[in-house]
Amino acid sequence: MILLEVNGLKKAFGSRKAVNGASFTVRRGEVFGLLGPNGAGKSTTISLICGVLKANAGSVVVDGFSVGTDGANAKKRIGIVPQEPALYPTLSARANLRFWGTINDVPADELEEAVNYVLQVVGLVDRADEKIAKFSGGMKRRLNIAAGLIHSPKLLIMDEPTVGIDPQSRNHILETVKNLKDKDITVIYTSHYVEEVEYLCDRVAVMDNGEIIAEGTLPELLEQGSQFQELTISVDTIPDEIENAIQALPHAEEVIVQNEQLKLVTSNAEKLLPSAFAAIIGLGGTVSEIKIHKPNLESLFLKLTGKALRD
Amino acid sequence: MRKTWAIVMVGVRQVLADPAYLMFLVGLPVMMTWMMSFLPVEVYEMAILGVLVMFVGLNVITSAGGYILGEKQTGTWQRMLASTTTYWHIMAGYFIRLFVMATAQSLILLLSGKYLFGAPWDHGFLATIVVLMVYIFAMTGLALFLAGFLKSQEQVQAVAMGVVMVGTMLGGIFFQIDDPSFVIKLIATVSPQSWAANALRDVLTLGVGVSSLLTPMLWMTAIGTILLIGGVMKLQTEG
């Protein structure tokens with residue numbers, strides 16, 4: 001059963017098309033991954049789904065309610081977890097949650113119960129009355145999730161909730177998201193971390209240049225990418241012309257130079273590797289390490305977008 | 001109303017947690033009032049009101065711009081917009097918060113002027129307060145209107161200084177301008193500071209009552225209302 005239906009969504013800022021006809025559906029109870037490089041249009045798409053921005057064209061329907069024509073009912077069903085904690089640092093965790101509960105129409109007589117419940121979900125009961133300015137980055141992220149859950153939304157949209165936090169908090173957040181499925185909460189999860197998406201998501205959409213360029217379950221997407229392999233070649237000094245030289249070789253699908261590494265997507269690693277090796281040596285480079293990866297979401301992403309996930 | 005009240009209370013709690021802002025809000029104008037008490041008594045009375053009119057304007061414009069920009073930078077603005085809270089709830093919350101703080105600032109200045117620094121006010125207190133309330137309403141409308149156009153804290157500071165200085169100086173608050181040009185007359189007509197200063201001068205020097213001040217109060221109310229509605233409509237078009 002479909003909870004969210006996004007159809008032909010478009011949004012431009014001046015002449016720049018941030019979202020260019022994006023369409024996808026999210027089913028009730030699933031964790032849906034939205035992957036894309038920086039500037040792909042993920043955040044704008046999220047803002048359009050939440051009704052923070054108005055679309056130039058297309059529609060967003062949440063649980064049968066159109067964000068465009070019945071925004072209040074649609075918004076009641078959505079919780080948002082922005083990338084950076086959108087909270088008031090001079091207030092306590094509890095005061096923040098009371099505020100966001102009020103803003104999200106939690107009735108006054110149910111507010112304390114809702115606050116205590118979400119504090120328990122994110123494991124911050126014992127720090128509830130401290131000002132959050134004293135919290136670590138990970139604790140603020142957890143509270144940020146609690147604020148998104150305070151009104152018991154049917155759809156929780158999480159925008160890269162684990163960027164830049166310690167492993168312990170990251171694991172806590174991942175387990176929290178995993179447990180949301182048991183509470184019948186549907187999640188849209190954007191991330192740069194393939195392993196998180198692989199661990200959490202039932203289905204994934206890949207976005208680039210404002211469009212959805214692939215959508216499916218993880219096995220379906222990996223099947224699409226199974227004919228491709230990703231090679232990582234570490235080079236001590238990367239020669240200037242290496243990108244063009246390797247791109248011209250047979251079986252080289254995509255080439256990305258990143259730091260001291262070349263990332264290659266190939267349809268035949270065995271044939272590409274010797275000629276790539278020769279090209280690097282021929283241009284004066286020194287190879288220090290070569291890794292051949294099994295087909296995974298990252299290599300599919302690289303192939304589809306020509307960009308690494310952390311670009 | 002519950003949402004608007006929540007927005008007001010969050011704002012008040014933030015202000016109370018910021019000593020530097022409290023210093024700007026209360027300490028600086030009180031110090032200016034004290035310094036003005038060394039002026040001759042016939043000038044002092046009007047100078048205090050000039051300081052009040054100027055600092056209230058500066059306070060509401062910088063606060064409105066600062067609050068909204070701050071909320072946009074931390075993401076709480078977008079989070080509010082992603083809820084069922086409307087622009088009218090949000091702007092009403094900001095309006096009440098600014099109005100209450102500007103009123104508190106005005107009362108502190110008036111009372112400190114009279115009881116700490118010896119301003120010789122012995123009449124027109126009620127009319128002064130009524131004029132100030134209407135003036136604060138107009139400046140709050142102006143501040144929330146301007147806040148929709150400002151993109152950085154630097155712009156907030158520059159615009160606040162510009163609007164307040166032009167309105168205060170050319171509006172004839174601290175000194176009368178003989179034979180004003182068309183531009184100065186225009187500024188005096190649209191500047192709430194000028195209307196407020198002239199009304200306050202009439203209260204203090206001529207002893208006029210509230211009923212004689214309907215024209216300036218209606219003008220200021222109209223300016224505040226139009227700008228407040230314009231400010232909400234500007235924010236609504238942002239998406």
# chains A, B, ... in the order shown; residues from 1 in each chain; ligands from 1
$ residues_around --residues "segment 134-150 of chain B" --least-positions-apart "6" --cutoff "7 Å" --atoms "only C-alpha atoms" --output "count of residues only"
25
$ interface_residues --of "chain B" --to "chain A" --cutoff "8 Å" --atoms "only C-alpha atoms" --output "ChimeraX atom specification"
/B:2-3,6-7,10,13-14,17,74-76,78-85,238-239
$ residues_around --residues "Glu253 of chain A" --least-positions-apart "2" --cutoff "9 Å" --atoms "only C-alpha atoms" --output "VMD selection string"
chain A and resid 228 247 250 to 251 255 264 to 267 303 306
$ select_by_dssp --residues "segment 112-191 of chain B" --states "helix (DSSP H, G or I)" --output "PyMOL selection string"
chain B and resi 112-116+125-147+153-170+182-190
$ atom_distance --atom1 "atom CA of Ser169 of chain A" --atom2 "atom CA of His192 of chain A"
16.9 Å
$ atom_distance --atom1 "atom CA of Asn56 of chain A" --atom2 "atom CA of Glu5 of chain A"
16.7 Å
$ atom_distance --atom1 "atom CA of Leu249 of chain A" --atom2 "atom CA of Asn296 of chain A"
22.7 Å
$ closest_atom_pairs --of "segment 64-132 of chain B" --to "segment 211-215 of chain B" --cutoff "10 Å" --atoms "only C-alpha atoms" --output "CSV"
residue,atom,partner,partner_atom,distance
B:Ala127,CA,B:Leu213,CA,8.7
B:Val130,CA,B:Leu213,CA,9.8
B:Val131,CA,B:Leu213,CA,8.2
$ residues_around --residues "Gly207 of chain B" --least-positions-apart "4" --cutoff "8 Å" --atoms "only C-alpha atoms" --output "PyMOL selection string"
chain B and resi 123-124+202-203
$ closest_residue --among "B:Pro180, B:Gly167, B:Pro29, B:Pro40" --to "Leu52 of chain B" --atoms "only C-alpha atoms"
B:Pro29
$ residues_around --residues "Ile213 of chain A" --least-positions-apart "4" --cutoff "10 Å" --atoms "only C-alpha atoms" --output "compact mmCIF listing (two decimals) with C-alpha atoms, in the first residue's frame"
# COMPACT_ATOMS: atom_id res chain seq x y z
CA ALA A 22 11.05 13.49 -10.10
CA SER A 23 8.55 10.64 -9.61
CA GLY A 36 22.34 11.20 -4.72
CA ALA A 205 15.90 5.60 -5.42
CA VAL A 206 18.98 7.15 -6.99
CA MET A 207 18.67 10.83 -7.82
CA ASP A 208 20.87 12.95 -10.07
CA ASN A 209 20.34 16.32 -11.74
CA PHE A 301 25.81 4.75 -8.22
CA LEU A 304 24.64 5.80 -13.06
CA THR A 305 25.75 9.27 -12.03
$ select_by_dssp --residues "segment 107-210 of chain A" --states "strand (DSSP E)" --output "short mmCIF file (atom, residue, chain, number, x, y, z; two decimals) with N, CA and C atoms, in the first residue's frame"
data_model
loop_
_atom_site.label_atom_id
_atom_site.label_comp_id
_atom_site.auth_asym_id
_atom_site.auth_seq_id
_atom_site.Cartn_x
_atom_site.Cartn_y
_atom_site.Cartn_z
N LEU A 155 4.96 9.25 8.29
CA LEU A 155 6.14 9.29 7.41
C LEU A 155 7.21 10.15 8.07
N LEU A 156 8.38 9.56 8.31
CA LEU A 156 9.50 10.31 8.89
C LEU A 156 10.56 10.50 7.81
N ILE A 157 10.91 11.76 7.54
CA ILE A 157 11.91 12.03 6.51
C ILE A 157 13.21 12.42 7.20
N MET A 158 14.26 11.64 6.97
CA MET A 158 15.54 11.85 7.65
C MET A 158 16.59 12.24 6.63
N ASP A 159 17.14 13.43 6.80
CA ASP A 159 18.12 13.94 5.83
C ASP A 159 19.53 13.79 6.41
N THR A 186 6.83 4.81 8.42
CA THR A 186 7.53 4.74 7.14
C THR A 186 8.64 5.79 7.16
N VAL A 187 9.80 5.43 6.61
CA VAL A 187 10.95 6.34 6.70
C VAL A 187 11.52 6.59 5.30
N ILE A 188 11.79 7.86 5.01
CA ILE A 188 12.63 8.20 3.85
C ILE A 188 13.98 8.58 4.42
N TYR A 189 15.02 7.92 3.96
CA TYR A 189 16.34 8.08 4.56
C TYR A 189 17.34 8.50 3.49
N THR A 190 17.89 9.70 3.61
CA THR A 190 18.94 10.07 2.65
C THR A 190 20.28 9.95 3.35
N ARG A 203 13.85 -0.30 -0.05
CA ARG A 203 13.95 0.12 -1.45
C ARG A 203 14.76 1.41 -1.53
N VAL A 204 15.31 1.66 -2.71
CA VAL A 204 16.21 2.81 -2.87
C VAL A 204 15.90 3.50 -4.19
N ALA A 205 15.95 4.84 -4.17
CA ALA A 205 15.90 5.60 -5.42
C ALA A 205 17.21 6.37 -5.55
N VAL A 206 17.75 6.39 -6.75
CA VAL A 206 18.98 7.15 -6.99
C VAL A 206 18.60 8.41 -7.76
N MET A 207 19.04 9.54 -7.24
CA MET A 207 18.67 10.83 -7.82
C MET A 207 19.90 11.54 -8.36
N ASP A 208 19.77 12.14 -9.52
CA ASP A 208 20.87 12.95 -10.07
C ASP A 208 20.27 14.01 -10.98
#
$ decode --residues "segment 203-214 of chain B" --atoms "all heavy atoms" --output "compact mmCIF listing (two decimals), in the first residue's frame"
# COMPACT_ATOMS: atom_id res chain seq x y z
N VAL B 203 2.68 66.22 23.69
CA VAL B 203 2.25 65.79 25.03
C VAL B 203 3.04 66.54 26.10
O VAL B 203 2.49 67.07 27.07
CB VAL B 203 2.44 64.26 25.20
CG1 VAL B 203 2.20 63.84 26.65
CG2 VAL B 203 1.52 63.50 24.26
N LEU B 204 4.36 66.61 25.90
CA LEU B 204 5.21 67.18 26.93
C LEU B 204 5.17 68.70 26.98
O LEU B 204 5.15 69.30 28.06
CB LEU B 204 6.66 66.73 26.73
CG LEU B 204 6.92 65.25 26.96
CD1 LEU B 204 8.35 64.89 26.64
CD2 LEU B 204 6.60 64.90 28.40
N THR B 205 5.15 69.35 25.81
CA THR B 205 5.24 70.81 25.80
C THR B 205 3.87 71.49 25.82
O THR B 205 3.72 72.53 26.42
CB THR B 205 6.03 71.30 24.57
OG1 THR B 205 5.38 70.80 23.39
CG2 THR B 205 7.47 70.83 24.61
N LEU B 206 2.89 70.87 25.16
CA LEU B 206 1.58 71.50 25.09
C LEU B 206 0.57 70.85 26.03
O LEU B 206 -0.53 71.37 26.21
CB LEU B 206 1.04 71.45 23.65
CG LEU B 206 1.94 72.06 22.57
CD1 LEU B 206 1.34 71.85 21.18
CD2 LEU B 206 2.15 73.55 22.82
N GLY B 207 0.95 69.69 26.54
CA GLY B 207 0.06 69.00 27.47
C GLY B 207 -1.18 68.42 26.82
O GLY B 207 -2.22 68.27 27.48
N VAL B 208 -1.12 68.08 25.53
CA VAL B 208 -2.31 67.56 24.85
C VAL B 208 -2.63 66.14 25.34
O VAL B 208 -1.74 65.40 25.76
CB VAL B 208 -2.16 67.55 23.30
CG1 VAL B 208 -1.91 68.95 22.78
CG2 VAL B 208 -1.07 66.60 22.88
N GLY B 209 -3.88 65.78 25.25
CA GLY B 209 -4.31 64.44 25.68
C GLY B 209 -4.41 63.49 24.51
O GLY B 209 -4.16 63.86 23.35
N VAL B 210 -4.77 62.24 24.82
CA VAL B 210 -4.84 61.18 23.80
C VAL B 210 -5.81 61.55 22.68
O VAL B 210 -5.54 61.33 21.50
CB VAL B 210 -5.27 59.85 24.46
CG1 VAL B 210 -5.48 58.76 23.41
CG2 VAL B 210 -4.23 59.41 25.46
N SER B 211 -6.94 62.19 23.06
CA SER B 211 -7.96 62.48 22.04
C SER B 211 -7.45 63.45 20.98
O SER B 211 -7.94 63.47 19.86
CB SER B 211 -9.22 63.03 22.71
OG SER B 211 -8.87 64.19 23.44
N SER B 212 -6.44 64.24 21.30
CA SER B 212 -5.90 65.19 20.33
C SER B 212 -4.81 64.57 19.46
O SER B 212 -4.22 65.25 18.62
CB SER B 212 -5.32 66.41 21.05
OG SER B 212 -6.29 66.97 21.88
N LEU B 213 -4.51 63.32 19.70
CA LEU B 213 -3.40 62.69 18.98
C LEU B 213 -3.88 61.61 18.00
O LEU B 213 -3.12 60.72 17.64
CB LEU B 213 -2.43 62.06 20.00
CG LEU B 213 -1.77 63.06 20.95
CD1 LEU B 213 -1.08 62.33 22.09
CD2 LEU B 213 -0.76 63.92 20.20
N LEU B 214 -5.13 61.71 17.63
CA LEU B 214 -5.69 60.65 16.77
C LEU B 214 -4.96 60.57 15.42
O LEU B 214 -4.70 59.48 14.92
CB LEU B 214 -7.19 60.88 16.54
CG LEU B 214 -8.08 60.48 17.72
CD1 LEU B 214 -9.53 60.75 17.40
CD2 LEU B 214 -7.88 59.00 18.05
